[in-house]
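Undergrad: Attaching a single structure in C-alpha cells format; questions to follow.
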Amino acid sequence: MSKSNVREAALDALIKIKKNQAYSNLLLNEIINKKNLNEKDVPLFTQIVYGSIQYQRKLDYYLEKFSKKPLNKLEDWVLVLLRLSIYQLAFLDRVPDHAILNEAVTIAKKRGHKGISGMVNGILRSYLREGPPDVHDIKDPVIKLAVQTSHPDWMIARWVKHYGMETAQAIAEANNIPPVTSVRINLLKNSREEILEEMEKEGFEVELSPLLAEALRIKKGNAADSAAFQQGRISIQDEGSMLVARALAPEPGDKILDACAAPGGKTAHIAELMNNQGSVVSVDIHDHKVNLINDQAERLDLEIISALKGDARNLQGFDAESFDKILVDAPCSGLGVIQRKPDMKWTKNEADVTRLAEIQSEIIDNVWFLLKPGGRLIYSTCTIDREENESQVEKFLKAEPDAMSDNSLIEKMPETIRKGISSTSSLQLLPGKYGTDGFYIASICKVKT
Ligand SMILES: C[S@@+](CC[C@H](N)C(=O)[O-])C[C@H]1O[C@@H](n2cnc3c(N)ncnc32)[C@H](O)[C@@H]1O
C-alpha cells in the first residue's frame with residue numbers, strides 16, 4: 001500500500017472520529033481491516049490519526065494564520081485533511097514535504113471541486129514558505145499554554161486556578177507523552193517473577209513496577225497478545241487504578257460493594273486481594289457493561305463476584321449497613337487519562353464537569369446507608385478536577401454527621417507516593433508524576449455511634 005492510501009485511511013478515520021465524537025481502538029482496527037492496510041503501514045496510520053487529534057489546537061492555530069476562511073466555515077473533511085497534512089509537515093520527518101503537499105492536493109481534487117484543491121494547495125504552500133506562527137507571540141499566558149500544549153482554554157484555565165501555572169504546565173505537557181502500560185498479576189495464579197520471566201521469554205520488554213508488588217510495566221509489546229493475558233493470569237490496568245483497590249484494602253471474607261463497577265478492573269483486583277473469599281457485589285447502570293464484569297470474573301476465575309444492573313443513585317434490594325467496605329469509582333470527566341484518550345480534550349466541556357459532579361454527589365449520598373458502622377468508603381475518579389474530587393468529598397463530610405475522613409489511607413499507599421502528599425486521607429495523582437494516570441482517591445469512614 002502506498003503512503004497516500006495510508007493518509008486517505010487516516011482521513012476517513014479522523015472524519016469518523018469527529019462525527020462520533022470518540023477516538024477508539026475499535027474504530028481504528030475496523031478501518032485498518034476495511035482498507036486492508038499492511039502491518040508495516042499501521043504505525044504511520046495510527047500516528048497520523050492520534051497526532052492530529054493530540055495536537056489539534058496547535059494545528060488549528062497554524063491553520064488560522066494561512067486560511068482566508070474561518071476554520072469553522074470549512075467542510076469537516078477539508079479541515080481534517082488540512083490538520084493531518086499540517087501535522088505531518090510540523091511533526092513527522094520521514095515523509096518529504098512535497099509528497100505530503102501533493103497527496104493532500106490529490107485527495108482534495110478527488111473529494112471536492114477545483115476551488116477546494118486550490119485552497120488546500122495555497123494554505124499548505126504558505127505554511128511551507130513562511131513556517132509556523134510563533135506561539136510566544138500570544139500574550140495571554142493561559143491561551144499561550146493551551147496552544148503550546150494543545151488543550152482547550154477552559155481546561156488550562158481550570159488547572160491554573162486549581163493548581164497554579166507551574167503545575168498546570170506540567171500536567172499539560174505530561175498529557176502529550178505516551179502513557180505507561182502496566183499489567184496486574186493475578187497473584188492467585190502466579191507470582192510476579194514467574195510472569196516477568198515468562199513474558200521476557202515471549203519477547204516482551206518488562207520492568208518491575210516501582211509502586212505495586214502485583215504490577216509490571218510493559219516497555220515493549222502488546223500485553224494482550226501474551227499467553228498470561230489470554231489464560232487469565234494477568235490483566236491490563238493502570239497502576240493508579242490499582243492503587244484504588246489497595247486503598248480499599250479488602251480482606252478475605254469481607255462483603256464489598258463496588259457501586260460503579262464496569263468493566264470490572266477494580267472489582268477483579270479487589271476479589272484477587274480477597275483471595276477469592278467473601279463477596280463482591282458489582283453494580284453498573286448499563287446492562288451491556290454488566291456483561292463485561294462477568295467476562296472479567298470468568299477470565300480470571302474469580303467466583304466471589306456477583307455483577308448486576310442497578311443505579312447507584314437509588315440502589316434497591318440491599319439491607320442497610322450490610323457492607324464492610326464500599327467503592328464508589330464514580331463516572332467522571334476523565335481528565336486524568338488524556339494521555340490515553342486525547343479526543344477527550346475536544347469532546348468534554350465545563351458543563352460536563354458540573355453535570356457529572358451532581359451525579360457523583362447523588363451516588364455517594366445514596367450508597368452511604370449501606371455501609372456498616374466502622375466500615376470504609378473509597379471515593380475515586382480518574383479526573384484531576386477539584387469540583388469532582390476534593391470539593392465533592394468536603395461537601396459530603398460536612399453533610400453526613402457519621403462520616404469522617406479516614407487517616408489510615410496514607411498507610412496503604414506506596415512509600416514513594418506517601419512522601420509526596422500532604423493529606424493522610426486523600427490523594428491526587430497527577431499525570432506524569434509517578435507514571436500513572438491522573439487519579440483521585442479519598443477514604444471516608446463511618447463512625448460507630
Ligand atoms: C469510572 S467507570 C468505573 C470503572 C470500573 N470501576 C473499573 O475499574 O473497571 C464508571 C462506571 O460507572 C457507571 N455508572 C454511571 N452512572 C452510574 C450509576 N448511576 N449507577 C451505577 N453505575 C453508574 C458507568 O457505566 C461506568 O461503567
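Residue names in the C-alpha cells use chain letters A, B, ... in the order shown, residue numbers from 1 in each chain, and ligand numbers from 1 in the order shown.
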Once you count only C-alpha atoms and all ligand atoms, which residues end up within 10 Å of ligand 1, and could you hand them over as a ChimeraX atom specification?
TA: /A:237-238,241-242,244-245,258-270,282-290,292-293,296,308-315,327-334,356,359-360,362-363,380-383
Undergrad: Pick out the residues sitting within 7 Å of Gln428 (chain A), and hand them over as a list in words; count only C-alpha atoms, and ignore anything fewer than 4 positions along from it in its own chain.
TA: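 Here the qualifying residues turn out to be Phe439, Tyr440 and Ile441 of chain A.
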Undergrad: Using only C-alpha atoms, what does the table of region 332-384 of chain A residues within 9 Å of region 396-415 of chain A look like, with each row giving the shortest atom pair and its distance in Å to one decimal, sorted by chain and ascending number, as CSV?
TA:
```
residue,atom,partner,partner_atom,distance
A:Ser361,CA,A:Phe396,CA,7.6
A:Ile364,CA,A:Phe396,CA,7.8
A:Asp365,CA,A:Phe396,CA,7.4
A:Trp368,CA,A:Ala403,CA,9.0
A:Pro373,CA,A:Asp402,CA,8.5
A:Arg376,CA,A:Asp406,CA,7.8
```
Undergrad: My list of candidates is A:Lys73, A:Arg111, A:Lys68, A:Arg340. Which is closest to Ile123 (chain A) when distances are computed with only C-alpha atoms?
TA: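 With only C-alpha atoms as the atom set, the closest residue is A:Lys68.
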Undergrad: If we count only C-alpha atoms, what is near region 23-40 of chain A at a cut-off of 7 Å, once residues fewer than 6 positions away on the same chain are taken out, given as a PyMOL selection string?
TA: chain A and resi 1+9+13+17+343
Undergrad: In Å, with one decimal, what is the gap from CA of Ser422 (chain A) to CA of Arg184 (chain A)?
TA: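 Between these atoms lies a distance of 27.5 Å.
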Undergrad: If you count only C-alpha atoms, which residues fall within 12 Å of Thr106 (chain A), apart from same-chain ones fewer than 2 positions away, as a PyMOL selection string?
TA: chain A and resi 4-5+7-8+81+99-104+108-114+116-118+120-121
Undergrad: Return the single residue from A:Asn186, A:Ser52, A:Gln169, A:Ser67 that is closest to Trp346 (chain A), with distances computed using only C-alpha atoms.
TA: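 Smallest separation from Trp346 (chain A) among the options: A:Ser52.
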Undergrad: Rank A:Val353, A:Ala146, A:Leu128, A:Val135 by their smallest atom-to-atom distance to Asn389 (chain A), using only C-alpha atoms, and report the top residue only.
TA: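 The closest residue to Asn389 (chain A) is A:Val353.
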Undergrad: Just want the 6 Å neighbourhood of region 212-217 of chain A, counted on only C-alpha atoms, with same-chain residues fewer than 3 positions away dropped. Output as a list in words.
TA: Thr181, Ser182, Val183, Arg184, Ile185, Val206, Glu207, Leu208 and Ser209 of chain A
Undergrad: What lies within 7 Å of Ile305 (chain A) using only C-alpha atoms, ignoring chain neighbours under 5 positions off, as a list in words?
TA: Ser279, Val280, Val281, Ser282 and Ala297 of chain A
Undergrad: Of the candidates A:Arg386, A:Gly420, A:Glu298, A:Lys18, which one gets nearest to Tyr163 (chain A) if we count only C-alpha atoms?
TA: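 Of all the options, A:Arg386 lies closest to Tyr163 (chain A).
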Undergrad: Of the residues A:Gln277, A:Asn294, A:Asn176, A:Ser391, which is the one nearest to Thr149 (chain A), using only C-alpha atoms?
TA: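 For Thr149 (chain A), the nearest of the candidates is A:Asn176.
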